[in-house]
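One file, upload_0.txt, carrying compact mmCIF, C-alpha atoms:
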# COMPACT_ATOMS: atom_id res chain seq x y z
CA MET A 1 34.66 -11.35 59.65
CA SER A 2 33.51 -8.17 61.31
CA GLU A 3 29.85 -7.64 61.99
CA PRO A 4 28.04 -5.36 59.52
CA LEU A 5 27.34 -1.85 60.72
CA TYR A 6 23.64 -1.17 60.91
CA HIS A 7 22.38 2.41 61.02
CA VAL A 8 19.00 2.51 62.72
CA SER A 9 16.91 5.65 62.60
CA ALA A 10 13.29 6.62 63.05
CA ASN A 11 11.04 7.13 60.06
CA PRO A 12 10.39 8.94 57.81
CA HIS A 13 13.46 7.90 55.86
CA VAL A 14 14.40 10.59 53.35
CA ARG A 15 17.13 9.88 50.80
CA ASP A 16 18.65 12.76 48.89
CA ASN A 17 21.88 13.35 46.99
CA GLY A 18 22.21 16.86 48.36
CA SER A 19 24.89 17.88 50.83
CA THR A 20 25.79 21.04 52.69
CA GLN A 21 28.78 21.56 50.41
CA LYS A 22 26.69 21.19 47.24
CA ILE A 23 24.08 23.62 48.52
CA MET A 24 26.69 26.19 49.54
CA LEU A 25 28.44 25.85 46.18
CA ASP A 26 25.17 26.39 44.33
CA VAL A 27 24.48 29.59 46.30
CA ILE A 28 28.04 30.81 45.66
CA ILE A 29 27.63 30.11 41.93
CA ALA A 30 24.33 32.02 41.95
CA LEU A 31 26.08 34.98 43.58
CA LEU A 32 29.00 35.04 41.13
CA PRO A 33 27.32 37.24 38.47
CA ALA A 34 26.50 39.97 41.02
CA THR A 35 29.94 39.56 42.62
CA ILE A 36 31.81 39.92 39.32
CA PHE A 37 29.64 42.90 38.37
CA GLY A 38 30.35 44.54 41.74
CA ILE A 39 34.09 44.18 41.13
CA TYR A 40 33.62 45.52 37.59
CA ILE A 41 31.88 48.75 38.62
CA PHE A 42 33.66 49.37 41.94
CA GLY A 43 37.11 48.10 40.99
CA ALA A 44 39.98 46.92 43.17
CA PRO A 45 38.50 48.12 46.50
CA ALA A 46 35.54 45.75 46.02
CA ALA A 47 37.81 42.81 45.17
CA ARG A 48 39.98 43.55 48.22
CA THR A 49 36.97 43.69 50.54
CA ILE A 50 35.60 40.39 49.21
CA VAL A 51 38.93 38.58 49.59
CA ILE A 52 39.57 39.93 53.11
CA THR A 53 36.08 39.02 54.32
CA ILE A 54 36.13 35.47 52.95
CA VAL A 55 39.65 34.77 54.24
CA THR A 56 38.70 36.13 57.67
CA CYS A 57 35.59 33.96 57.92
CA VAL A 58 37.36 30.76 56.83
CA ALA A 59 40.37 31.42 59.10
CA ALA A 60 38.15 32.29 62.07
CA GLU A 61 36.17 29.06 61.71
CA TYR A 62 39.30 26.94 61.33
CA ILE A 63 41.14 28.50 64.28
CA TYR A 64 38.09 28.39 66.59
CA GLN A 65 37.38 24.74 65.82
CA LYS A 66 41.07 23.86 66.18
CA LEU A 67 41.30 25.57 69.59
CA MET A 68 38.03 24.00 70.77
CA LYS A 69 39.17 20.57 69.49
CA GLN A 70 36.09 20.32 67.27
CA PRO A 71 35.86 18.69 63.84
CA ILE A 72 37.12 21.09 61.14
CA THR A 73 34.20 21.94 58.85
CA ILE A 74 35.57 24.63 56.52
CA SER A 75 35.30 22.17 53.61
CA ASP A 76 31.50 22.47 53.73
CA MET A 77 31.92 25.99 52.23
CA SER A 78 29.51 27.59 54.70
CA ALA A 79 32.22 29.95 56.00
CA VAL A 80 33.10 30.92 52.44
CA LEU A 81 29.45 31.72 51.73
CA THR A 82 29.11 33.73 54.95
CA GLY A 83 32.19 35.75 54.01
CA LEU A 84 30.93 36.36 50.47
CA LEU A 85 27.46 37.44 51.64
CA LEU A 86 28.92 39.76 54.25
CA ALA A 87 31.29 41.30 51.69
CA LEU A 88 28.45 41.86 49.21
CA ASN A 89 26.60 43.75 51.95
CA LEU A 90 29.50 46.17 52.54
CA PRO A 91 30.38 49.42 50.76
CA PRO A 92 33.35 48.75 48.45
CA GLU A 93 35.78 51.25 49.96
CA VAL A 94 35.55 50.36 53.65
CA PRO A 95 38.92 50.20 55.50
CA PHE A 96 40.52 46.73 55.57
CA TRP A 97 39.93 46.22 59.30
CA LEU A 98 36.16 46.61 59.06
CA PRO A 99 35.45 43.36 57.12
CA ILE A 100 37.87 41.60 59.48
CA ILE A 101 35.80 42.68 62.49
CA GLY A 102 32.60 41.76 60.67
CA GLY A 103 33.91 38.33 59.67
CA LEU A 104 35.03 37.54 63.22
CA PHE A 105 31.66 38.62 64.62
CA ALA A 106 29.74 36.54 62.05
CA ILE A 107 31.70 33.33 62.56
CA ILE A 108 32.68 33.42 66.23
CA VAL A 109 29.81 35.26 67.92
CA VAL A 110 26.80 34.40 65.76
CA LYS A 111 27.74 30.98 64.38
CA GLN A 112 30.26 29.08 66.51
CA LEU A 113 29.25 30.24 69.99
CA PHE A 114 25.73 28.96 69.27
CA GLY A 115 26.98 25.55 68.19
CA GLY A 116 28.04 25.98 64.58
CA LEU A 117 26.17 25.53 61.31
CA GLY A 118 22.52 24.71 61.90
CA GLN A 119 22.44 26.09 65.45
CA ASN A 120 22.65 29.85 64.80
CA PHE A 121 19.34 31.61 65.38
CA MET A 122 20.01 34.42 62.92
CA ASN A 123 21.84 34.82 59.63
CA PRO A 124 25.54 35.33 60.50
CA ALA A 125 26.33 37.63 57.57
CA LEU A 126 23.37 39.93 58.23
CA ALA A 127 23.94 39.91 61.98
CA ALA A 128 27.52 41.04 61.32
CA ARG A 129 26.31 43.75 58.93
CA CYS A 130 23.86 45.08 61.53
CA PHE A 131 26.65 45.03 64.13
CA LEU A 132 28.88 47.05 61.79
CA LEU A 133 26.05 49.46 60.96
CA ILE A 134 25.51 50.18 64.64
CA SER A 135 29.22 50.37 65.50
CA PHE A 136 30.57 52.20 62.43
CA ALA A 137 27.54 53.97 60.99
CA ALA A 138 29.47 56.67 59.10
CA ARG A 139 31.80 54.24 57.32
CA MET A 140 28.97 51.82 56.54
CA SER A 141 26.84 54.54 54.94
CA ALA A 142 29.51 56.17 52.76
CA PHE A 143 29.03 55.11 49.14
CA THR A 144 31.29 56.00 46.24
CA TYR A 145 30.54 55.59 42.55
CA ASP A 146 32.85 56.69 39.73
CA GLY A 147 35.17 58.21 42.32
CA VAL A 148 32.45 60.45 43.75
CA THR A 149 30.83 60.00 47.16
CA THR A 150 27.09 60.17 46.59
CA ALA A 151 23.74 59.08 48.00
CA THR A 152 22.20 55.77 47.05
CA PRO A 153 19.01 55.82 44.93
CA LEU A 154 16.91 54.86 47.98
CA ALA A 155 18.34 57.77 49.95
CA SER A 156 17.55 60.11 47.04
CA LEU A 157 14.05 58.65 46.80
CA LYS A 158 13.47 59.19 50.52
CA ALA A 159 14.59 62.81 50.09
CA GLY A 160 11.92 63.30 47.42
CA GLU A 161 14.29 63.25 44.46
CA SER A 162 13.75 61.35 41.22
CA VAL A 163 15.75 58.20 40.42
CA ASP A 164 16.62 56.29 37.25
CA VAL A 165 14.86 52.94 37.64
CA LEU A 166 16.49 51.44 34.54
CA ARG A 167 19.98 52.10 35.88
CA MET A 168 18.91 50.62 39.20
CA PHE A 169 17.75 47.49 37.41
CA GLU A 170 21.03 47.25 35.49
CA GLY A 171 23.19 48.10 38.51
CA PHE A 172 25.09 51.23 37.52
CA ILE A 173 24.39 52.96 40.82
CA PRO A 174 26.10 53.51 44.18
CA GLY A 175 25.46 50.92 46.87
CA THR A 176 27.01 47.92 48.53
CA ILE A 177 29.15 45.60 46.40
CA GLY A 178 26.50 43.00 45.65
CA GLU A 179 23.17 44.76 45.85
CA THR A 180 23.24 47.06 42.81
CA SER A 181 22.40 44.83 39.82
CA SER A 182 18.82 43.63 40.18
CA ILE A 183 18.88 41.67 36.92
CA LEU A 184 21.91 39.62 37.97
CA LEU A 185 20.44 38.91 41.40
CA ILE A 186 17.20 37.72 39.77
CA ILE A 187 19.19 35.47 37.42
CA GLY A 188 20.95 34.02 40.47
CA GLY A 189 17.58 33.45 42.13
CA ILE A 190 16.20 31.67 39.07
CA TYR A 191 19.26 29.40 39.11
CA LEU A 192 18.66 28.49 42.76
CA VAL A 193 14.98 27.78 42.17
CA ALA A 194 15.80 25.67 39.10
CA ARG A 195 18.34 23.72 41.16
CA LYS A 196 15.70 23.33 43.90
CA VAL A 197 18.05 24.90 46.42
CA ILE A 198 15.46 27.45 47.52
CA SER A 199 11.70 27.83 47.30
CA PRO A 200 10.44 30.95 45.48
CA ILE A 201 7.75 31.49 48.14
CA ILE A 202 9.64 33.73 50.56
CA PRO A 203 11.29 35.99 47.91
CA CYS A 204 8.06 36.40 45.93
CA VAL A 205 5.85 37.06 48.96
CA TYR A 206 8.49 39.39 50.47
CA VAL A 207 8.80 41.51 47.31
CA ALA A 208 5.03 41.51 46.70
CA THR A 209 4.36 42.66 50.29
CA VAL A 210 6.84 45.51 49.94
CA ALA A 211 5.15 46.54 46.68
CA VAL A 212 1.70 46.54 48.31
CA PHE A 213 2.99 48.37 51.40
CA VAL A 214 4.64 51.22 49.48
CA THR A 215 1.54 51.51 47.27
CA LEU A 216 -0.71 51.92 50.31
CA PHE A 217 1.55 54.07 52.49
CA GLY A 218 4.19 55.56 50.20
CA GLY A 219 2.13 58.61 49.29
CA HIS A 220 2.42 57.98 45.53
CA GLY A 221 -0.47 55.59 45.02
CA LEU A 222 -0.07 53.04 42.25
CA ASP A 223 3.08 54.68 40.86
CA ILE A 224 4.93 51.92 39.02
CA GLN A 225 8.22 53.81 38.96
CA PHE A 226 8.08 54.47 42.71
CA ILE A 227 7.25 50.81 43.43
CA ALA A 228 9.98 49.56 41.07
CA ALA A 229 12.51 51.86 42.73
CA HIS A 230 11.78 50.26 46.10
CA ILE A 231 12.03 46.75 44.64
CA PHE A 232 15.24 47.34 42.67
CA GLY A 233 16.83 49.69 45.19
CA GLY A 234 18.88 48.80 48.23
CA GLY A 235 19.34 45.23 49.38
CA LEU A 236 15.80 43.97 48.90
CA LEU A 237 16.52 41.43 46.16
CA LEU A 238 19.86 40.38 47.64
CA GLY A 239 18.22 39.85 51.01
CA ALA A 240 15.01 38.26 49.71
CA ILE A 241 16.72 35.73 47.44
CA PHE A 242 19.93 34.87 49.25
CA MET A 243 19.43 35.55 52.96
CA ALA A 244 15.75 35.38 53.85
CA THR A 245 15.78 31.85 52.35
CA ASP A 246 18.59 30.61 54.59
CA TYR A 247 17.71 27.03 55.62
CA VAL A 248 18.67 27.51 59.27
CA THR A 249 16.79 30.74 59.92
CA SER A 250 13.67 30.44 57.76
CA PRO A 251 10.45 28.39 58.22
CA ILE A 252 10.19 24.95 56.65
CA THR A 253 6.43 24.85 56.00
CA ASN A 254 4.85 26.60 53.01
CA LYS A 255 2.38 28.41 55.26
CA GLY A 256 5.27 29.50 57.46
CA LYS A 257 7.18 30.77 54.43
CA ILE A 258 4.20 32.90 53.38
CA ILE A 259 3.82 34.40 56.86
CA ASN A 260 7.57 35.00 57.01
CA GLY A 261 7.53 36.80 53.66
CA ILE A 262 4.64 39.02 54.75
CA VAL A 263 6.39 39.89 58.03
CA LEU A 264 9.58 40.72 56.13
CA GLY A 265 7.73 42.95 53.67
CA ILE A 266 5.85 44.86 56.36
CA LEU A 267 8.98 45.42 58.44
CA THR A 268 10.97 46.60 55.42
CA GLY A 269 8.17 48.98 54.41
CA LEU A 270 7.97 50.37 57.95
CA PHE A 271 11.73 50.94 58.15
CA ARG A 272 11.93 52.54 54.72
CA LEU A 273 8.87 54.77 54.79
CA PHE A 274 8.56 55.71 58.46
CA GLY A 275 12.03 55.17 59.87
CA PRO A 276 15.02 57.53 59.69
CA MET A 277 16.94 55.24 57.31
CA ALA A 278 16.39 54.69 53.60
CA GLU A 279 17.10 50.96 53.88
CA GLY A 280 15.74 48.36 56.27
CA VAL A 281 16.24 44.90 54.79
CA SER A 282 19.00 43.75 57.16
CA TYR A 283 17.11 44.64 60.33
CA SER A 284 13.90 43.18 58.91
CA ILE A 285 15.48 39.80 58.21
CA ILE A 286 17.17 39.68 61.62
CA ILE A 287 13.86 40.41 63.40
CA ALA A 288 12.06 37.84 61.23
CA ASN A 289 14.78 35.29 62.08
CA ILE A 290 13.94 35.73 65.76
CA LEU A 291 10.23 35.21 65.01
CA VAL A 292 10.76 31.98 63.05
CA PRO A 293 10.33 29.63 66.07
CA LEU A 294 6.96 31.23 66.78
CA ILE A 295 5.94 31.00 63.11
CA GLU A 296 6.98 27.34 63.08
CA LYS A 297 4.97 26.67 66.22
CA VAL A 298 1.71 27.96 64.76
CA THR A 299 2.16 26.56 61.24
CA MET A 300 3.62 23.11 61.85
CA PRO A 301 0.99 20.50 60.86
CA THR A 302 -0.30 18.18 63.57
CA PRO A 303 0.99 14.59 63.18
CA PHE A 304 -1.61 12.01 62.13
CA GLY A 305 -3.33 10.48 65.13
CA ILE A 306 -2.71 13.46 67.40
CA VAL A 307 -5.50 15.81 68.44
CA LYS A 308 -5.16 19.36 69.69
CA GLY A 309 -3.31 19.45 72.98
CA GLY A 310 -0.80 16.78 71.91
CA LYS A 311 -2.85 13.71 72.98
CA SER A 312 -3.47 10.65 70.85
CA ASN A 313 -7.01 10.21 69.54
CA GLU A 314 -6.79 6.44 69.88

Please rewrite the model in this file as structure tokens.
Amino acid sequence: MSEPLYHVSANPHVRDNGSTQKIMLDVIIALLPATIFGIYIFGAPAARTIVITIVTCVAAEYIYQKLMKQPITISDMSAVLTGLLLALNLPPEVPFWLPIIGGLFAIIVVKQLFGGLGQNFMNPALAARCFLLISFAARMSAFTYDGVTTATPLASLKAGESVDVLRMFEGFIPGTIGETSSILLIIGGIYLVARKVISPIIPCVYVATVAVFVTLFGGHGLDIQFIAAHIFGGGLLLGAIFMATDYVTSPITNKGKIINGIVLGILTGLFRLFGPMAEGVSYSIIIANILVPLIEKVTMPTPFGIVKGGKSNE
């Protein structure tokens, strides 16, 4: 009879039924309403972009791991989620090669070259979006709605024009594929909180900080319509709910989450109100990702029996 296999590990011993695949599937399910709505209002170009991006990300991960003789991990659905998030952050009518470049950058450069899932220091989908924004600014900022190329509500707001907040909340506006419908993104967020996949701390603090920032520095005072336009416009809710809460690139302590949300809100407010662009969520989250190790360092609780300086008090 063979000897039993004992698995010895240090405490604390945490038992949970969750898995990477289950978590990724829950996030994908939460994104489905906004994804389906994006295809509904933008049509075939949106569906094509989503399919190309997801296929590229999954294929890139499989081929890289095969060539590097690493375990194949595409079954954990993380590559699918990266592709979906990247697609939802793209204008619907981008040329077919652009999501391919973005998918390759997200998976190969940001994820795999840093060691794969859990080792990347920034969100792969947002890093790829920022790369595409820098490299192909004109194509990434061209938005079409009802067959007409037009400015997004945030761009109109920055130009001093009025916007329809109700339509922004519903989603019948130009923008990237997945960012337009605020109500569907909120429903997805509620699902994730109910499933205990994410904590509501970062999204709530992030959105609240943006609201306070635009109230103080937006030049409109306590104008509810102006504040709501900044909350429902652009990628704020998509970023706050689905990307700022990424397990790998966000703090694990509650205090760290609060600080992270405040940093995100301030950066987004600075980009939107004082920068040349109407948006700023992607760059804000990437910068906050880089700051997470520092936030973790100052918010991680001291283990029992250890005094300041790392020495035992025994």

Check: Quick one: distance from CA of Phe217 (chain A) to CA of Gly269 (chain A) in Å, one decimal?
Finding: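 Between these atoms lies a distance of 8.6 Å.
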
Item checked: Straight-line distance linking CA of Ile262 (chain A) with CA of Pro153 (chain A), stated in Å to one decimal ->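 Value for the CA of Ile262 (chain A)-CA of Pro153 (chain A) distance: 24.2 Å.
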
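Of note, CA of Ile241 (chain A) and CA of Val27 (chain A) are spaced 10.0 Å apart.
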
Next item on the list: Would you mind telling me which residue in A:Ala47, A:Ala79, A:Val58, A:Met168 lies nearest to Thr20 (chain A) when using all atoms listed in the file?
Entry: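 Checking each of A:Ala47, A:Ala79, A:Val58, A:Met168 against Thr20 (chain A), counting all atoms listed in the file, the winner is A:Ala79.
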
Margin query: Show me, as an MDAnalysis selection string, the residues that have an atom within 8 Å of Thr268 (chain A) when counting all atoms listed in the file, minus same-chain residues fewer than 6 positions from it.
Written below: chainID A and resid 210 279:281 284

Can you pull out every residue within 12 Å of Thr209 (chain A), counting all atoms listed in the file, but drop anything in the same chain fewer than 2 positions away, and send it as a tab-separated table (two decimals) with C-alpha atoms, in the frame of the given file?
chain	number	residue	atom	x	y	z
A	201	ILE	CA	7.75	31.49	48.14
A	202	ILE	CA	9.64	33.73	50.56
A	203	PRO	CA	11.29	35.99	47.91
A	204	CYS	CA	8.06	36.40	45.93
A	205	VAL	CA	5.85	37.06	48.96
A	206	TYR	CA	8.49	39.39	50.47
A	207	VAL	CA	8.80	41.51	47.31
A	211	ALA	CA	5.15	46.54	46.68
A	212	VAL	CA	1.70	46.54	48.31
A	213	PHE	CA	2.99	48.37	51.40
A	214	VAL	CA	4.64	51.22	49.48
A	215	THR	CA	1.54	51.51	47.27
A	216	LEU	CA	-0.71	51.92	50.31
A	217	PHE	CA	1.55	54.07	52.49
A	227	ILE	CA	7.25	50.81	43.43
A	230	HIS	CA	11.78	50.26	46.10
A	231	ILE	CA	12.03	46.75	44.64
A	236	LEU	CA	15.80	43.97	48.90
A	240	ALA	CA	15.01	38.26	49.71
A	258	ILE	CA	4.20	32.90	53.38
A	259	ILE	CA	3.82	34.40	56.86
A	260	ASN	CA	7.57	35.00	57.01
A	261	GLY	CA	7.53	36.80	53.66
A	262	ILE	CA	4.64	39.02	54.75
A	263	VAL	CA	6.39	39.89	58.03
A	264	LEU	CA	9.58	40.72	56.13
A	265	GLY	CA	7.73	42.95	53.67
A	266	ILE	CA	5.85	44.86	56.36
A	267	LEU	CA	8.98	45.42	58.44
A	268	THR	CA	10.97	46.60	55.42
A	269	GLY	CA	8.17	48.98	54.41
A	270	LEU	CA	7.97	50.37	57.95

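Proximity to Lys111 (chain A) was assessed for A:Glu170, A:Arg195, A:Ala60, A:Leu98 counting all atoms listed in the file; the smallest distance is recorded for A:Ala60.
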
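For the residues A:Phe232, A:Cys57, A:Ser199, A:Lys255, ranking by smallest atom-to-atom distance to Gly171 (chain A) using all atoms listed in the file places A:Phe232 first.
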
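Compared by their closest atoms to Ile41 (chain A), and using only C-alpha atoms, the residues A:Gly175, A:Pro95, A:Gly118, A:Gly102 rank with A:Gly175 nearest.
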